[in-house]
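Pasting target-v6.cif here (mmCIF, C-alpha atoms and all ligand atoms):
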```cif
data_coords
#
loop_
_atom_site.label_atom_id
_atom_site.label_comp_id
_atom_site.auth_asym_id
_atom_site.auth_seq_id
_atom_site.Cartn_x
_atom_site.Cartn_y
_atom_site.Cartn_z
CA MET A 1 -64.05 -21.71 103.36
CA THR A 2 -62.67 -22.08 99.87
CA GLN A 3 -62.08 -25.68 98.84
CA TYR A 4 -59.06 -25.85 96.58
CA ALA A 5 -57.94 -28.53 94.14
CA LEU A 6 -54.45 -28.44 92.64
CA ILE A 7 -53.45 -29.75 89.22
CA THR A 8 -49.93 -29.52 87.95
CA ASP A 9 -48.00 -30.43 84.85
CA PHE A 10 -44.74 -32.30 85.50
CA ASP A 11 -42.08 -31.55 82.87
CA GLY A 12 -40.69 -28.06 83.22
CA THR A 13 -43.26 -27.28 85.92
CA ILE A 14 -42.57 -29.51 88.93
CA THR A 15 -39.05 -29.87 87.58
CA THR A 16 -37.08 -26.83 86.47
CA ILE A 17 -36.29 -28.42 83.09
CA ASP A 18 -38.33 -30.66 80.78
CA ILE A 19 -37.09 -34.14 81.72
CA GLY A 20 -38.81 -35.87 78.78
CA ASN A 21 -37.09 -33.55 76.31
CA TYR A 22 -33.78 -33.93 78.12
CA LEU A 23 -33.98 -37.73 77.90
CA CYS A 24 -34.79 -37.66 74.17
CA ILE A 25 -31.66 -35.62 73.57
CA PHE A 26 -29.59 -37.67 76.02
CA TYR A 27 -30.47 -40.90 74.19
CA GLY A 28 -29.80 -39.30 70.81
CA LEU A 29 -33.40 -39.65 69.66
CA SER A 30 -34.17 -36.00 69.14
CA THR A 31 -32.56 -32.60 68.91
CA PRO A 32 -33.53 -29.24 70.43
CA GLU A 33 -34.57 -28.16 66.89
CA LYS A 34 -36.85 -31.16 66.41
CA ILE A 35 -38.39 -30.58 69.83
CA GLU A 36 -39.03 -26.92 69.01
CA TYR A 37 -40.64 -28.00 65.72
CA ALA A 38 -42.89 -30.46 67.59
CA TYR A 39 -44.10 -27.63 69.84
CA LYS A 40 -44.69 -25.33 66.87
CA THR A 41 -46.62 -27.92 64.89
CA LYS A 42 -48.57 -29.05 67.98
CA ALA A 43 -47.40 -32.64 67.59
CA ASP A 44 -49.58 -35.21 69.31
CA ALA A 45 -48.04 -35.86 72.75
CA ARG A 46 -48.87 -39.54 72.69
CA GLN A 47 -47.35 -40.27 69.30
CA TRP A 48 -44.33 -38.15 70.14
CA MET A 49 -43.60 -40.08 73.35
CA GLU A 50 -44.09 -43.45 71.69
CA GLN A 51 -41.89 -42.57 68.72
CA ASN A 52 -39.15 -40.99 70.80
CA PHE A 53 -38.96 -43.37 73.73
CA GLY A 54 -39.82 -46.63 71.94
CA PRO A 55 -36.35 -47.30 70.51
CA VAL A 56 -34.42 -46.50 73.71
CA LYS A 57 -32.16 -49.32 74.89
CA THR A 58 -31.28 -48.89 78.53
CA THR A 59 -31.61 -50.38 81.99
CA VAL A 60 -33.79 -49.12 84.84
CA LYS A 61 -30.64 -48.20 86.80
CA ASP A 62 -29.05 -46.20 83.98
CA PHE A 63 -32.34 -44.56 83.02
CA GLU A 64 -33.05 -43.39 86.56
CA ALA A 65 -29.48 -42.18 86.98
CA ALA A 66 -29.91 -40.03 83.85
CA VAL A 67 -33.21 -38.67 85.18
CA LEU A 68 -31.92 -37.90 88.65
CA SER A 69 -28.76 -36.25 87.33
CA GLN A 70 -30.96 -33.50 85.87
CA ALA A 71 -34.18 -33.34 87.85
CA VAL A 72 -34.48 -30.43 90.26
CA VAL A 73 -37.88 -29.93 91.84
CA ARG A 74 -39.08 -26.38 92.34
CA ALA A 75 -39.21 -24.84 95.80
CA GLY A 76 -42.38 -25.33 97.79
CA PHE A 77 -43.50 -28.45 95.92
CA ARG A 78 -42.83 -30.85 98.76
CA ASP A 79 -44.39 -28.53 101.35
CA LEU A 80 -47.46 -28.15 99.15
CA CYS A 81 -47.75 -31.96 98.78
CA ILE A 82 -47.56 -32.41 102.54
CA TYR A 83 -50.02 -29.60 103.25
CA ALA A 84 -52.48 -30.90 100.63
CA GLN A 85 -52.36 -34.42 102.02
CA LYS A 86 -52.90 -33.27 105.62
CA ASN A 87 -55.80 -31.04 104.63
CA ASN A 88 -57.54 -33.29 102.11
CA ILE A 89 -56.84 -30.96 99.21
CA PRO A 90 -56.85 -32.90 95.93
CA PHE A 91 -53.42 -32.53 94.29
CA GLU A 92 -52.62 -34.36 91.07
CA ILE A 93 -50.10 -34.44 88.27
CA ALA A 94 -51.63 -34.31 84.77
CA SER A 95 -48.74 -35.10 82.45
CA GLY A 96 -48.10 -36.21 78.90
CA GLY A 97 -44.83 -37.69 80.21
CA LEU A 98 -43.89 -41.14 81.45
CA ASP A 99 -44.26 -42.60 84.93
CA ILE A 100 -40.82 -44.22 84.70
CA TYR A 101 -39.16 -40.82 85.04
CA ILE A 102 -41.83 -39.07 87.13
CA LYS A 103 -41.81 -41.66 89.93
CA PRO A 104 -38.05 -41.66 90.67
CA VAL A 105 -38.12 -37.86 90.95
CA LEU A 106 -41.07 -37.91 93.36
CA LYS A 107 -39.35 -40.65 95.35
CA LYS A 108 -36.11 -38.68 95.62
CA TYR A 109 -38.01 -35.65 96.91
CA ASP A 110 -40.24 -37.74 99.17
CA CYS A 111 -43.45 -36.65 97.43
CA GLU A 112 -44.88 -40.02 96.49
CA GLN A 113 -48.32 -39.28 97.93
CA ILE A 114 -49.31 -37.13 94.93
CA LYS A 115 -51.63 -38.74 92.37
CA ILE A 116 -50.01 -39.27 88.93
CA LEU A 117 -52.03 -39.19 85.71
CA SER A 118 -49.52 -39.94 82.96
CA ALA A 119 -48.48 -42.59 80.48
CA SER A 120 -47.06 -45.75 81.97
CA ALA A 121 -43.92 -47.16 80.44
CA GLU A 122 -41.74 -50.19 80.92
CA ILE A 123 -38.05 -50.60 80.26
CA LYS A 124 -37.53 -53.84 78.34
CA PRO A 125 -34.12 -55.24 77.25
CA ASP A 126 -34.32 -53.72 73.77
CA CYS A 127 -36.96 -51.02 73.95
CA ILE A 128 -39.26 -48.97 76.11
CA THR A 129 -42.94 -49.74 75.82
CA VAL A 130 -45.24 -46.76 76.31
CA LYS A 131 -48.87 -47.17 77.26
CA PHE A 132 -51.28 -44.27 77.57
CA PRO A 133 -54.39 -44.57 79.70
CA ASP A 134 -57.79 -44.46 78.06
CA TYR A 135 -58.48 -40.74 77.72
CA LYS A 136 -61.85 -41.49 76.11
CA GLY A 137 -60.78 -40.01 72.80
CA LEU A 138 -59.46 -36.79 74.30
CA ARG A 139 -56.21 -35.20 73.17
CA MET A 140 -53.66 -34.60 75.92
CA GLU A 141 -54.61 -30.92 76.13
CA GLU A 142 -58.27 -31.81 76.47
CA PHE A 143 -57.50 -34.45 79.04
CA LYS A 144 -55.68 -31.92 81.23
CA LYS A 145 -58.61 -29.55 80.90
CA SER A 146 -61.01 -32.37 81.81
CA ARG A 147 -59.20 -32.78 85.14
CA VAL A 148 -59.68 -29.07 85.88
CA MET A 149 -63.37 -29.35 84.96
CA TYR A 150 -63.78 -32.47 87.10
CA TYR A 151 -62.95 -30.49 90.23
CA LYS A 152 -64.69 -27.29 89.17
CA GLU A 153 -67.94 -29.19 88.66
CA ARG A 154 -67.61 -30.45 92.22
CA GLY A 155 -67.34 -26.96 93.64
CA TYR A 156 -63.56 -26.70 93.98
CA LYS A 157 -61.54 -23.65 93.15
CA VAL A 158 -58.86 -25.06 90.86
CA ILE A 159 -55.26 -23.88 90.80
CA PHE A 160 -53.34 -25.05 87.73
CA PHE A 161 -49.59 -24.99 87.12
CA GLY A 162 -48.03 -25.37 83.68
CA ASP A 163 -45.28 -24.44 81.27
CA GLY A 164 -46.20 -25.67 77.78
CA PRO A 165 -48.69 -25.29 74.91
CA GLY A 166 -50.26 -28.59 76.01
CA ASP A 167 -51.30 -26.84 79.22
CA PHE A 168 -53.19 -24.03 77.49
CA ASP A 169 -56.71 -25.53 77.57
CA ALA A 170 -56.40 -26.43 81.26
CA ALA A 171 -55.03 -22.97 82.05
CA CYS A 172 -58.01 -21.29 80.36
CA ALA A 173 -60.42 -23.42 82.41
CA ALA A 174 -58.72 -23.04 85.83
CA ASP A 175 -59.60 -20.43 88.45
CA ILE A 176 -56.01 -19.50 89.23
CA VAL A 177 -53.14 -20.18 86.82
CA PHE A 178 -49.44 -20.25 87.51
CA ALA A 179 -47.57 -20.23 84.19
CA THR A 180 -44.02 -20.05 82.94
CA SER A 181 -42.08 -20.49 79.70
CA ARG A 182 -44.04 -21.26 76.50
CA LEU A 183 -47.39 -21.33 78.31
CA GLU A 184 -46.75 -17.89 79.77
CA LYS A 185 -46.08 -16.55 76.29
CA ILE A 186 -49.27 -18.01 74.82
CA LEU A 187 -51.38 -16.72 77.71
CA ILE A 188 -50.02 -13.22 77.17
CA GLU A 189 -50.77 -13.47 73.42
CA ASN A 190 -54.33 -14.54 74.19
CA LYS A 191 -54.80 -12.04 77.02
CA ILE A 192 -55.60 -14.77 79.56
CA PRO A 193 -54.86 -13.71 83.14
CA PHE A 194 -52.23 -15.73 85.02
CA CYS A 195 -49.56 -15.43 87.69
CA HIS A 196 -45.94 -15.82 86.73
CA PHE A 197 -44.78 -19.19 88.04
CA GLN A 198 -41.43 -19.50 89.70
CA ASP A 199 -42.16 -22.07 92.36
CA TYR A 200 -44.98 -23.44 94.54
CA THR A 201 -44.56 -21.12 97.53
CA ALA A 202 -47.24 -18.59 96.50
CA ALA A 203 -49.76 -21.40 95.91
CA LEU A 204 -48.99 -22.82 99.34
CA LYS A 205 -49.84 -19.45 100.87
CA ILE A 206 -53.11 -19.31 98.89
CA VAL A 207 -54.32 -22.72 100.07
CA ARG A 208 -53.33 -21.83 103.65
CA GLY A 209 -55.72 -18.90 103.37
CA GLU A 210 -53.05 -16.24 103.47
CA ASN A 211 -53.64 -13.08 101.53
CA VAL A 212 -51.47 -13.29 98.44
CA PRO A 213 -51.47 -10.41 95.98
CA LEU A 214 -52.02 -12.19 92.66
CA SER A 215 -50.19 -10.26 90.00
CA PHE A 216 -52.02 -11.14 86.84
CA ALA A 217 -49.97 -10.39 83.78
MG MG B 1 -44.47 -29.21 80.75
#
```
Will you turn the file into C-alpha cells for me?
Amino acid sequence: MTQYALITDFDGTITTIDIGNYLCIFYGLSTPEKIEYAYKTKADARQWMEQNFGPVKTTVKDFEAAVLSQAVVRAGFRDLCIYAQKNNIPFEIASGGLDIYIKPVLKKYDCEQIKILSASAEIKPDCITVKFPDYKGLRMEEFKKSRVMYYKERGYKVIFFGDGPGDFDAACAADIVFATSRLEKILIENKIPFCHFQDYTAALKIVRGENVPLSFA
C-alpha cells in the first residue's frame, strides 16, 4: 500500500487568503504594491517577516481578533487532518509565516494536531519579536523542499500543497502537487505537472485509496 506524507503551505493555501500579507496591510506596515514587489524580487521571507512584523504594537487579543476576522480554512482540511492522524500519515505545515497567527486559526478549526514548522513570534508591549528556527543555512524555499525530500528518502509518496513562489522548489520535488495562485502560474511557465488546488477534498480521496483522476495542467 502506498504510504503518503502530506506537506502544506499555510498562507493562501490552508487559508483562502494570505493572512501574513493581510496583517501587514491591516497594521499599515505594507501595501499590496510593496507585497507584489517583494514577490517579484524574491525577497527573503525571513527578513520580510522580521521587518514587517517587528514594529507592530498590539495585544494578543486584538491580534487574534484581526486574524480570525479574515481566516477561512479551505474545505476538507479538517477531515484530512483527522484522517491523517488516525492513519499515521505524516501531515505538516511548512510555512514562512508566524505561529502567532497560524495557531489561533488551527484552534478555531479544531486542527491542532497538525505539526507546524514556521517562525515563532511573541507579542510584546511595543513590538513583535520574530524568531526563525535553525534551517541550517537553507533559504525558506529550500527548507520547504527539504521537508519533501525528508519523506521521499524514507519511502513516502509526498503530496505538497502551495500557492506562492516560495513553494516552487518543494512543488518540483513532490510526487503530487496541488497548486493555486502564483505557484500555479510559475508551474505552468516551467511546464511542471500539478493539479489545480481548490481545497483538500481530492487529496483526502487520494490518501483513502480512492481512484482520483489527477488532471495535470
Ligand atoms: Mg502561501
Close residues, region 163-175 of chain A itself excluded, 8 Å, only C-alpha atoms, min 6 positions apart in chain, as a list of chain:residue names:
A:Asp9, A:Asp11, A:Gly12, A:Thr13, A:Tyr39, A:Lys42, A:Met140, A:Glu141, A:Glu142, A:Lys144, A:Lys145, A:Ser146, A:Arg147, A:Val148, A:Met149, A:Lys157, A:Ser181, A:Arg182, A:Leu183, A:Glu184, A:Ile186, A:Leu187, A:Ile192
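Every protein, DNA or RNA residue with an atom at most 10 Å from Tyr83 (chain A), where only C-alpha atoms count and chain neighbours fewer than 4 positions away do not, is listed here: A:Phe77, A:Arg78, A:Asp79, A:Asn87, A:Asn88, A:Ile89, A:Leu204, A:Val207, A:Arg208.
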Same residues, C-alpha atoms, output as a CSV table (one decimal), keeping the file's coordinate frame:
```csv
chain,number,residue,atom,x,y,z
A,77,PHE,CA,-43.5,-28.4,95.9
A,78,ARG,CA,-42.8,-30.8,98.8
A,79,ASP,CA,-44.4,-28.5,101.4
A,87,ASN,CA,-55.8,-31.0,104.6
A,88,ASN,CA,-57.5,-33.3,102.1
A,89,ILE,CA,-56.8,-31.0,99.2
A,204,LEU,CA,-49.0,-22.8,99.3
A,207,VAL,CA,-54.3,-22.7,100.1
A,208,ARG,CA,-53.3,-21.8,103.6
```
Could the centre and edge lengths of an axis-aligned box, enclosing all atoms of region 173-177 of chain A in the file with 6 Å extra on each side, be given in Å to one decimal as JSON?
```
{"center_x": -56.8, "center_y": -21.5, "center_z": 85.8, "size_x": 19.3, "size_y": 15.9, "size_z": 18.8}
```
Between A:Leu68, A:Ile159, A:Ile93, A:Ile116, smallest distance to ligand MG 1 (chain B) by all atoms listed in the file belongs to A:Ile93
Quick check, in Å to one decimal: how far apart do CA of Ile188 (chain A) and CA of Ser215 (chain A) lie?
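If I compute the distance from CA of Ile188 (chain A) to CA of Ser215 (chain A), I get 13.2 Å.
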Could you tell me how far CA of Tyr101 (chain A) lies from CA of Glu64 (chain A), in Å and to one decimal?
6.8 Å
Residues near region 104-111 of chain A, cut-off 12 Å, all atoms listed in the file, skip fewer than 6 positions along chain, as a PyMOL selection string
chain A and resi 10-11+14-16+19+60-61+63-85+91-93+98
Could you name the residues that touch Thr59 (chain A) at 8 Å or less, counting all atoms listed in the file, but leaving out those on the same chain fewer than 4 positions away, as a compact mmCIF listing (two decimals) with C-alpha atoms, keeping the file's coordinate frame?
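Generated output (result_15.txt):
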```
# COMPACT_ATOMS: atom_id res chain seq x y z
CA PHE A 63 -32.34 -44.56 83.02
CA ILE A 123 -38.05 -50.60 80.26
CA LYS A 124 -37.53 -53.84 78.34
CA PRO A 125 -34.12 -55.24 77.25
```
Please tell me which residues are no farther than 10 Å from (-44.2, -16.3, 89.5) in the file, counting all atoms listed in the file, and write them as a list in words.
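Looking at atoms near the point gives Phe178, Ala179, Thr180, Phe194, Cys195, His196, Phe197, Gln198, Asp199, Tyr200, Thr201, Ala202, Ala203, Leu214, Ser215 and Phe216 of chain A.
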Suppose we keep C-alpha atoms; can you now write the selection as a PDB file, in the frame of the given file?
```pdb
ATOM      1  CA  PHE A 178     -49.440 -20.250  87.510  1.00  0.00           C
ATOM      2  CA  ALA A 179     -47.570 -20.230  84.190  1.00  0.00           C
ATOM      3  CA  THR A 180     -44.020 -20.050  82.940  1.00  0.00           C
ATOM      4  CA  PHE A 194     -52.230 -15.730  85.020  1.00  0.00           C
ATOM      5  CA  CYS A 195     -49.560 -15.430  87.690  1.00  0.00           C
ATOM      6  CA  HIS A 196     -45.940 -15.820  86.730  1.00  0.00           C
ATOM      7  CA  PHE A 197     -44.780 -19.190  88.040  1.00  0.00           C
ATOM      8  CA  GLN A 198     -41.430 -19.500  89.700  1.00  0.00           C
ATOM      9  CA  ASP A 199     -42.160 -22.070  92.360  1.00  0.00           C
ATOM     10  CA  TYR A 200     -44.980 -23.440  94.540  1.00  0.00           C
ATOM     11  CA  THR A 201     -44.560 -21.120  97.530  1.00  0.00           C
ATOM     12  CA  ALA A 202     -47.240 -18.590  96.500  1.00  0.00           C
ATOM     13  CA  ALA A 203     -49.760 -21.400  95.910  1.00  0.00           C
ATOM     14  CA  LEU A 214     -52.020 -12.190  92.660  1.00  0.00           C
ATOM     15  CA  SER A 215     -50.190 -10.260  90.000  1.00  0.00           C
ATOM     16  CA  PHE A 216     -52.020 -11.140  86.840  1.00  0.00           C
TER      17      PHE A 216
END
```
Quote the spacing between CA of Phe160 (chain A) and CA of Phe132 (chain A) in Å to one decimal place.
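Interatomic distance, CA of Phe160 (chain A) to CA of Phe132 (chain A): 21.8 Å.
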Selection near region 48-58 of chain A, 12 Å with all atoms listed in the file, sequence-local residues under 2 positions removed, as number ranges by chain:
A: 20-31, 34-35, 37-39, 41-46, 60-66, 95-101, 118-132, 140
For region 152-166 of chain A of the structure just presented, write N, CA and C atoms to a file, as a CSV table (one decimal), in the first residue's frame.
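Output contents, as saved in decode-v4.csv:
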```csv
chain,number,residue,atom,x,y,z
A,152,LYS,N,10.4,11.7,1.2
A,152,LYS,CA,10.7,10.9,0.0
A,152,LYS,C,11.8,9.9,0.2
A,153,GLU,N,12.9,10.3,0.9
A,153,GLU,CA,14.0,9.5,1.2
A,153,GLU,C,13.6,8.3,2.1
A,154,ARG,N,12.5,8.5,2.8
A,154,ARG,CA,12.0,7.4,3.7
A,154,ARG,C,10.9,6.6,3.1
A,155,GLY,N,10.8,6.7,1.8
A,155,GLY,CA,9.9,5.8,1.0
A,155,GLY,C,8.4,6.3,0.9
A,156,TYR,N,8.2,7.5,1.4
A,156,TYR,CA,6.8,8.1,1.3
A,156,TYR,C,6.6,8.7,-0.1
A,157,LYS,N,5.3,8.6,-0.5
A,157,LYS,CA,4.9,9.4,-1.6
A,157,LYS,C,4.4,10.7,-1.1
A,158,VAL,N,5.0,11.8,-1.5
A,158,VAL,CA,4.7,13.1,-0.9
A,158,VAL,C,3.7,13.9,-1.7
A,159,ILE,N,2.7,14.4,-1.0
A,159,ILE,CA,1.7,15.3,-1.6
A,159,ILE,C,2.0,16.7,-1.1
A,160,PHE,N,2.2,17.7,-1.9
A,160,PHE,CA,2.5,19.0,-1.5
A,160,PHE,C,1.4,20.0,-2.0
A,161,PHE,N,1.1,20.9,-1.1
A,161,PHE,CA,0.1,21.9,-1.4
A,161,PHE,C,0.7,23.3,-1.2
A,162,GLY,N,0.5,24.2,-2.2
A,162,GLY,CA,1.1,25.5,-2.1
A,162,GLY,C,0.5,26.6,-3.0
A,163,ASP,N,0.8,27.8,-2.8
A,163,ASP,CA,0.2,28.9,-3.6
A,163,ASP,C,1.2,30.0,-4.0
A,164,GLY,N,2.5,29.9,-3.5
A,164,GLY,CA,3.4,31.0,-3.8
A,164,GLY,C,4.7,30.6,-4.4
A,165,PRO,N,5.5,31.6,-4.8
A,165,PRO,CA,6.8,31.3,-5.4
A,165,PRO,C,7.7,30.6,-4.4
A,166,GLY,N,7.5,30.9,-3.2
A,166,GLY,CA,8.3,30.2,-2.1
A,166,GLY,C,8.1,28.7,-2.0
```
